[in-house]
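**Q** Attaching a single structure in structure tokens format; questions to follow.
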Amino acid sequence: MRPGFGEQLIAEGDVEDAEEERALIGEFRRQLDQGMWAAVPITRTDGRREAEMVRSFTDIPRDTGRVIFFPRAAGGGE
Amino acid sequence: MIIALSATAIVVLALLWEISIPWIDRRLDERRRRRELRRAGALGAPHDPGRERRAEQRARELLKSCVNEEEWAMYRDLGFLRVWGGQSDPDGPSELRGVDYAYLVYPHKPIVAYLPQTGRLLNEYCVEFPDETRPYGSPRLPDSDDVLAKWMALCGDERRIIAEANLHLPGRQVDPRQVQRDLWRLGRWERERLARALRAAGADPQRQAEPADG
């Protein structure tokens, strides 16, 4: 998510392919190093949609389709 | 005569100076602002009046693909989301032990916590998701992205987002009368939605609403 853009594709690849997985891990770390938060949209077994915050690449379910990065929260309205 | 004219000219110049100071200040501020925007690269991009609208459209599609169908319909129809709180565990440490609570999530406004049973407003949580790279001169996400960020953060790590937010009493930024109106609209929206669902299922909503023994 970015101001003025909305959704942007940062990287894509297949985690079953070692080289692509390395590239995805590198991009994941780069985004977190830039201060972004990462979340994975998930669907529970009862069909309910939720989200899980992830802090490391290993937290991401292997079968997930996407990871969403968004700027980290800051207290506002002071 | 010359002295009188000179004095008049001095007074006129002094008055003109007084009048022109705010104008000069505004011009200087504007120049300063444009210089900062140019430094941030925002003025380098050609003007595109549809960019924000397209960004918002993309953000809406992303939000729709992530939240539940009911939540999407709520946001589309009412302009906000209700997210149930997850800290009301009967054995939990919170003072809300066993009490259901929820949040109203508005775009670019504080998250409002309330008790659905009574409609009592609990707190405002002021939180932003500023992108300091300011790709177009503003750190502000599109409205629907802001809502999605709050939704993901509340669903995924409620304690963390609440810890990051600035806590205020209700009414600091969001008018409590507006929140009460929104809660009333939400109740009516849910009743209509339930009635539609019952009609679609072939049941009579009036009969469903009657007490079982009556």
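Residue names in the structure tokens use chain letters A, B, ... in the order shown, residue numbers from 1 in each chain, and ligand numbers from 1 in the order shown.
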Could I get the residues of chain A with an atom no further than 12 Å from an atom of chain B, each paired with its nearest atom pair and that distance in Å to one decimal, using only C-alpha atoms, sorted by chain and residue number, as a Markdown table?

**A**
```
| residue | atom | partner | partner_atom | distance |
| --- | --- | --- | --- | --- |
| A:Met1 | CA | B:Asp145 | CA | 6.6 |
| A:Arg2 | CA | B:Leu141 | CA | 5.9 |
| A:Pro3 | CA | B:Leu141 | CA | 4.2 |
| A:Gly4 | CA | B:Glu52 | CA | 5.4 |
| A:Phe5 | CA | B:Ala55 | CA | 4.6 |
| A:Gly6 | CA | B:Ala55 | CA | 4.3 |
| A:Glu7 | CA | B:Arg58 | CA | 6.0 |
| A:Gln8 | CA | B:Arg58 | CA | 9.1 |
| A:Leu9 | CA | B:Arg58 | CA | 11.7 |
| A:Gln34 | CA | B:Thr133 | CA | 9.8 |
| A:Gly35 | CA | B:Asp131 | CA | 9.4 |
| A:Met36 | CA | B:Asp131 | CA | 8.8 |
| A:Trp37 | CA | B:Ala153 | CA | 9.0 |
| A:Ala38 | CA | B:Met152 | CA | 9.3 |
| A:Ala39 | CA | B:Met152 | CA | 6.8 |
| A:Val40 | CA | B:Met152 | CA | 8.4 |
| A:Pro41 | CA | B:Cys66 | CA | 6.0 |
| A:Ile42 | CA | B:Cys66 | CA | 8.1 |
| A:Thr43 | CA | B:Cys66 | CA | 9.1 |
| A:Arg44 | CA | B:Asn68 | CA | 11.0 |
| A:Asp46 | CA | B:Asn68 | CA | 11.8 |
| A:Gly47 | CA | B:Asn68 | CA | 8.8 |
| A:Arg48 | CA | B:Asn68 | CA | 6.6 |
| A:Arg49 | CA | B:Asn68 | CA | 5.5 |
| A:Glu50 | CA | B:Cys155 | CA | 6.1 |
| A:Ala51 | CA | B:Gly156 | CA | 5.1 |
| A:Glu52 | CA | B:Gly156 | CA | 4.2 |
| A:Met53 | CA | B:Gly156 | CA | 4.9 |
| A:Val54 | CA | B:Gly156 | CA | 8.6 |
| A:Arg55 | CA | B:Asp157 | CA | 11.2 |
| A:Gly65 | CA | B:Cys66 | CA | 11.6 |
| A:Arg66 | CA | B:Cys66 | CA | 10.6 |
| A:Val67 | CA | B:Cys66 | CA | 11.2 |
| A:Ile68 | CA | B:Ala149 | CA | 9.3 |
| A:Phe69 | CA | B:Ala149 | CA | 9.0 |
| A:Phe70 | CA | B:Ala149 | CA | 6.7 |
| A:Pro71 | CA | B:Phe129 | CA | 5.1 |
| A:Arg72 | CA | B:Phe129 | CA | 5.7 |
| A:Ala73 | CA | B:Phe129 | CA | 4.7 |
| A:Ala74 | CA | B:Glu128 | CA | 5.3 |
| A:Gly75 | CA | B:Ala165 | CA | 4.3 |
| A:Gly76 | CA | B:Val127 | CA | 4.8 |
| A:Gly77 | CA | B:Cys126 | CA | 5.6 |
| A:Glu78 | CA | B:Asn166 | CA | 7.6 |
```

**Q** So that I can see what lies close to Pro170 of chain B, please list as JSON, numbers by chain the residues with an atom at most 7 Å from it, counting only C-alpha atoms and leaving out residues fewer than 3 positions away in the same chain.

**A** {"B": [121, 122, 123, 124, 176]}

**Q** Deliver the residues from the most recent selection as a file, using N, CA and C atoms, as a PDB file, in the first residue's frame.

**A**
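out.pdb, freshly written:
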```pdb
ATOM      1  N   LEU B 121     -19.761   4.468  24.437  1.00  0.00           N
ATOM      2  CA  LEU B 121     -18.456   4.646  23.797  1.00  0.00           C
ATOM      3  C   LEU B 121     -17.371   4.522  24.865  1.00  0.00           C
ATOM      4  N   LEU B 122     -16.311   3.799  24.536  1.00  0.00           N
ATOM      5  CA  LEU B 122     -15.254   3.555  25.520  1.00  0.00           C
ATOM      6  C   LEU B 122     -14.063   4.491  25.333  1.00  0.00           C
ATOM      7  N   ASN B 123     -13.469   4.439  24.158  1.00  0.00           N
ATOM      8  CA  ASN B 123     -12.248   5.224  23.908  1.00  0.00           C
ATOM      9  C   ASN B 123     -12.111   5.536  22.432  1.00  0.00           C
ATOM     10  N   GLU B 124     -11.251   6.484  22.161  1.00  0.00           N
ATOM     11  CA  GLU B 124     -10.784   6.716  20.793  1.00  0.00           C
ATOM     12  C   GLU B 124      -9.311   6.323  20.747  1.00  0.00           C
ATOM     13  N   PRO B 176     -19.237  12.297  19.172  1.00  0.00           N
ATOM     14  CA  PRO B 176     -19.997  11.159  19.720  1.00  0.00           C
ATOM     15  C   PRO B 176     -21.410  11.059  19.126  1.00  0.00           C
TER      16      PRO B 176
END
```

**Q** Give me, please, the distance in Å between atom CA of Val179 of chain B and atom CA of Pro116 of chain B, quoted to one decimal.

**A**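 Separation of atom CA of Val179 of chain B and atom CA of Pro116 of chain B: 12.0 Å.
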
**Q** If DSSP is run on the backbone, what residues of chain A are alpha helix (DSSP H)? A reply as a ChimeraX atom specification would be ideal.

**A** /A:18-33
